[in-house]
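Enquirer: See model.txt below, with compact mmCIF, C-alpha atoms.
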```txt
# COMPACT_ATOMS: atom_id res chain seq x y z
CA MET A 1030 0.00 0.00 0.00
CA CYS A 1031 2.81 2.43 0.81
CA ARG A 1032 4.46 1.65 -2.51
CA ARG A 1033 1.26 2.33 -4.40
CA LEU A 1034 0.77 5.67 -2.68
CA ARG A 1035 4.29 6.79 -3.61
CA LEU A 1036 3.70 5.99 -7.28
CA LYS A 1037 0.56 8.10 -7.28
CA LEU A 1038 2.28 11.13 -5.68
CA ILE A 1039 5.33 11.26 -7.96
CA PRO A 1040 3.44 12.54 -11.04
CA VAL A 1041 1.80 15.24 -8.90
CA ILE A 1042 5.12 16.88 -7.88
CA PRO A 1043 6.09 18.08 -11.40
CA ILE A 1044 2.56 19.39 -11.95
CA LEU A 1045 2.70 21.40 -8.71
CA SER A 1046 6.07 22.87 -9.63
CA ILE A 1047 4.70 23.95 -13.03
CA VAL A 1048 1.67 25.57 -11.40
CA MET A 1049 3.88 27.40 -8.89
CA ALA A 1050 6.23 28.63 -11.64
CA ALA A 1051 3.27 29.95 -13.60
CA ALA A 1052 1.85 31.88 -10.65
CA PRO A 1053 1.32 35.57 -11.36
CA PRO A 1054 4.17 37.89 -10.38
CA SER A 1055 3.92 39.98 -7.25
CA ALA A 1056 2.55 43.51 -7.46
CA GLU A 1057 6.07 44.89 -7.02
CA SER A 1058 7.56 42.95 -9.96
CA ALA A 1059 4.53 43.64 -12.18
CA ARG A 1060 4.88 47.45 -12.27
CA PRO A 1061 4.68 48.96 -15.77
CA GLY A 1062 8.13 49.95 -16.98
CA THR A 1063 9.88 47.04 -15.25
CA LEU A 1064 12.83 45.71 -17.17
CA ASN A 1065 12.32 41.92 -17.36
CA ALA A 1066 15.48 41.00 -19.25
CA ILE A 1067 18.40 42.57 -21.08
CA ALA A 1068 21.20 41.37 -23.31
CA GLY A 1069 24.16 43.46 -24.43
CA GLU A 1070 24.29 47.27 -24.32
CA VAL A 1071 21.21 48.82 -22.70
CA SER A 1072 20.83 52.17 -20.93
CA ILE A 1073 18.01 53.95 -19.11
CA ASN A 1074 18.11 57.76 -19.17
CA GLY A 1075 21.72 57.55 -20.38
CA VAL A 1076 22.89 55.29 -17.52
CA PRO A 1077 24.14 51.84 -18.58
CA VAL A 1078 22.19 48.93 -17.12
CA ASN A 1079 24.12 45.99 -15.74
CA PRO A 1080 22.43 42.63 -16.46
CA ILE A 1081 23.24 41.46 -12.93
CA SER A 1082 22.02 44.57 -11.12
CA GLY A 1083 20.09 42.60 -8.53
CA PRO A 1084 16.38 43.37 -8.11
CA SER A 1085 14.24 44.24 -11.09
CA ILE A 1086 14.83 47.67 -12.62
CA ALA A 1087 11.92 49.95 -13.43
CA PHE A 1088 11.83 53.26 -15.21
CA GLU A 1089 9.07 55.81 -14.85
CA GLY A 1090 7.01 57.79 -17.32
CA GLY A 1091 9.28 60.12 -19.28
CA GLY A 1092 12.14 57.64 -19.08
CA VAL A 1093 14.16 56.71 -22.17
CA ILE A 1094 15.57 53.25 -22.80
CA ARG A 1095 18.22 52.74 -25.50
CA THR A 1096 19.85 49.65 -26.88
CA GLY A 1097 23.16 49.62 -28.69
CA GLN A 1098 24.33 46.14 -29.54
CA GLY A 1099 21.73 44.76 -27.16
CA MET A 1100 18.08 44.02 -26.54
CA ALA A 1101 15.63 44.63 -23.69
CA GLU A 1102 12.30 43.23 -22.57
CA ILE A 1103 9.99 45.66 -20.74
CA LEU A 1104 6.77 44.91 -18.90
CA LEU A 1105 4.14 47.41 -20.08
CA SER A 1106 1.24 46.02 -18.06
CA PRO A 1107 0.49 42.66 -16.45
CA GLY A 1108 0.15 40.36 -19.45
CA SER A 1109 2.00 42.52 -22.00
CA VAL A 1110 5.70 42.84 -22.77
CA LEU A 1111 7.61 44.88 -25.29
CA ARG A 1112 10.86 43.52 -26.72
CA LEU A 1113 13.14 46.30 -27.89
CA GLY A 1114 15.58 45.31 -30.65
CA THR A 1115 19.18 46.28 -31.34
CA ALA A 1116 19.99 49.98 -31.94
CA SER A 1117 16.57 51.12 -30.72
CA GLU A 1118 15.22 53.90 -28.52
CA LEU A 1119 11.90 54.00 -26.69
CA THR A 1120 10.37 56.68 -24.45
CA LEU A 1121 7.88 55.47 -21.87
CA GLU A 1122 5.63 58.52 -21.72
CA THR A 1123 3.10 57.24 -19.18
CA ALA A 1124 2.88 54.01 -17.25
CA GLY A 1125 0.06 52.74 -15.07
CA THR A 1126 -3.66 53.27 -15.05
CA PRO A 1127 -5.66 53.91 -17.11
CA GLY A 1128 -3.09 53.06 -19.78
CA VAL A 1129 0.45 52.92 -21.02
CA ARG A 1130 1.84 55.23 -23.67
CA ALA A 1131 5.23 54.75 -25.34
CA ARG A 1132 7.01 56.24 -28.34
CA LEU A 1133 9.42 54.29 -30.53
CA ARG A 1134 11.92 56.92 -31.63
CA ARG A 1135 14.33 54.62 -33.42
CA GLY A 1136 14.76 50.95 -34.25
CA GLU A 1137 12.25 48.17 -33.78
CA ALA A 1138 10.06 46.61 -31.11
CA LEU A 1139 7.81 43.58 -30.80
CA LEU A 1140 4.78 43.89 -28.51
CA GLU A 1141 3.25 40.69 -27.16
CA VAL A 1142 -0.08 41.06 -25.38
CA LEU A 1143 -1.47 37.99 -23.62
CA ALA A 1144 -3.97 39.88 -21.50
CA THR A 1145 -4.68 43.56 -21.22
CA SER A 1146 -6.03 45.50 -18.30
CA ALA A 1147 -5.09 48.87 -19.78
CA VAL A 1148 -5.04 50.49 -23.21
CA LEU A 1149 -1.55 50.26 -24.70
CA THR A 1150 -0.67 53.16 -26.99
CA MET A 1151 2.46 53.12 -29.14
CA GLU A 1152 3.56 56.00 -31.32
CA GLN A 1153 5.93 55.69 -34.26
CA ASN A 1154 6.67 58.11 -37.12
CA GLY A 1155 3.59 60.22 -36.29
CA VAL A 1156 1.22 57.23 -36.23
CA THR A 1157 -0.53 56.36 -32.98
CA ALA A 1158 -1.51 52.71 -32.49
CA MET A 1159 -3.98 51.75 -29.75
CA VAL A 1160 -3.86 48.08 -28.74
CA ARG A 1161 -6.73 46.71 -26.67
CA ASN A 1162 -6.71 43.04 -27.69
CA PRO A 1163 -4.31 40.17 -27.05
CA GLY A 1164 -1.97 39.64 -29.99
CA LEU A 1165 1.47 40.13 -31.52
CA TYR A 1166 2.42 43.52 -32.94
CA GLU A 1167 5.60 44.73 -34.67
CA PHE A 1168 6.75 48.35 -34.67
CA ASN A 1169 9.63 49.02 -37.04
CA GLN A 1170 10.73 52.63 -37.33
CA LYS A 1171 13.56 51.72 -39.74
CA ARG A 1172 11.15 50.32 -42.31
CA SER A 1173 8.23 52.65 -41.41
CA VAL A 1174 5.93 49.70 -40.67
CA ILE A 1175 3.47 48.71 -37.96
CA ALA A 1176 2.40 45.07 -38.43
CA VAL A 1177 -0.32 43.07 -36.69
CA TYR A 1178 0.38 39.33 -36.69
CA ALA A 1179 -2.39 38.50 -34.21
CA GLY A 1180 -4.91 40.85 -32.61
CA GLU A 1181 -6.15 44.28 -33.69
CA ALA A 1182 -4.68 47.78 -33.62
CA ARG A 1183 -6.54 51.06 -34.13
CA LEU A 1184 -4.27 53.54 -35.90
CA ASN A 1185 -4.46 57.29 -36.25
CA LYS A 1186 -2.33 59.71 -38.26
CA ASP A 1187 -3.25 63.37 -38.73
CA GLY A 1188 -6.95 62.65 -38.14
CA GLN A 1189 -7.08 59.66 -40.53
CA ARG A 1190 -8.10 56.40 -38.87
CA LEU A 1191 -7.44 52.77 -39.82
CA VAL A 1192 -7.97 49.43 -38.15
CA ALA A 1193 -5.35 46.74 -38.78
CA ASN A 1194 -6.32 43.15 -38.00
CA ALA A 1195 -4.20 40.00 -37.92
CA GLY A 1196 -2.24 39.56 -41.12
CA PHE A 1197 -2.14 43.25 -42.03
CA GLY A 1198 0.39 46.01 -41.64
CA VAL A 1199 0.40 49.76 -42.13
CA GLY A 1200 3.08 51.82 -43.81
CA THR A 1201 3.60 54.79 -41.53
CA ARG A 1202 4.85 57.17 -44.26
CA HIS A 1203 1.83 56.93 -46.60
CA PHE A 1204 -0.59 55.44 -44.04
CA ARG A 1205 -1.67 52.53 -46.24
CA VAL A 1206 -2.69 49.01 -45.25
CA PHE A 1207 -0.99 45.95 -46.76
CA GLN A 1208 -1.04 42.20 -46.17
CA THR A 1209 1.80 40.81 -44.07
CA SER A 1210 3.07 37.84 -42.06
CA PRO A 1211 6.05 37.38 -39.75
CA ASP A 1212 7.56 34.97 -42.29
CA ARG A 1213 7.70 37.56 -45.06
CA GLY A 1214 9.78 40.05 -43.13
CA ASN A 1215 7.42 42.91 -44.09
```
Using the file provided, produce a representation of the structure as structure tokens.
Expert:
Amino acid sequence: MCRRLRLKLIPVIPILSIVMAAAPPSAESARPGTLNAIAGEVSINGVPVNPISGPSIAFEGGGVIRTGQGMAEILLSPGSVLRLGTASELTLETAGTPGVRARLRRGEALLEVLATSAVLTMEQNGVTAMVRNPGLYEFNQKRSVIAVYAGEARLNKDGQRLVANAGFGVGTRHFRVFQTSPDRGN
């Protein structure tokens, strides 16, 4: 009987460890603007960030994050992260409730939204994109493109409005919609 009980408990231990690892982060670690991960050259407000700085690093509204030969992952809200590519610059204009507003000044970023409790607004090349739905969104200032691979983004430029759904992108120079996919490199 003891042997049987042990065999039944062994499969439960890995399941419990998976559930514990997937538990939501604490309120302190889930603050908008928290730097989740970095690789290579990254600075906040001109101060280099050390990848082994200890506790999580957060920057406030108005803060500027730059990558040289590096990349950074930033929590925008619980359930949404922004991955900033090499040679990029992002200003976090506001963070918190009722929403998050950021401006991609240079380079590229990938926004992954699993759940959203706040409106996420990204600005690039004079185009404002409002993201309210889970999905995957690319912002590429170099190529003047905002692409929606999953989800929906509402875009505005000089009073003109567009909605881009999954599989469509918008050229930010001429504000035109085109079909896209992550495989095409659009």
Enquirer: Select all residues near (6.8, 54.1, -24.5) (cut-off 6 Å, inclusive, file coordinates), counting all atoms listed in the file, and output them as a list of chain:residue names.
Expert: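 Taken together, the residues in range are A:Leu1119, A:Thr1120, A:Leu1121, A:Glu1122, A:Arg1130, A:Ala1131, A:Arg1132.
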Enquirer: What's the 7 Å shell around A:Leu1105, counting only C-alpha atoms, without same-chain residues fewer than 5 positions away, as a PyMOL selection string?
Expert: chain A and resi 1061-1062+1110-1111+1129
Enquirer: So, counting only C-alpha atoms, which residue among A:Ile1175, A:Ala1182, A:Ala1158, A:Ala1144 is closest to A:Arg1205?
Expert: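 The answer is A:Ile1175, which sits nearest to A:Arg1205.
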Enquirer: Using Å and a single decimal, report how far atom CA of A:Thr1157 sits from atom CA of A:Thr1063.
Expert: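 Straight-line distance from atom CA of A:Thr1063 to atom CA of A:Thr1157 works out to 22.6 Å.
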Enquirer: Which is closest to A:Arg1135 among A:Gln1170, A:Ser1210, A:Thr1150, A:Ser1106, if we use all atoms listed in the file?
Expert: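 Closest candidate: A:Gln1170.
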Enquirer: For A:Ser1109, work out the shell of residues within 12 Å, counting only C-alpha atoms and skipping chain neighbours fewer than 6 positions away, then give it as a list in words.
Expert: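 The contact residues come out as Ala1059, Arg1060, Pro1061, Gly1062, Thr1063, Asn1065, Glu1102, Ile1103, Gly1128, Val1129, Leu1139, Leu1140, Glu1141, Val1142, Leu1143, Ala1144, Thr1145, Ser1146, Ala1147, Val1148, Leu1149, Val1160, Arg1161, Asn1162, Pro1163, Gly1164, Leu1165 and Tyr1166 of chain A.
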Enquirer: Quick one: distance from atom CA of A:Thr1115 to atom CA of A:Gly1180 in Å, one decimal?
Expert: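 Between atom CA of A:Thr1115 and atom CA of A:Gly1180 the gap is 24.7 Å.
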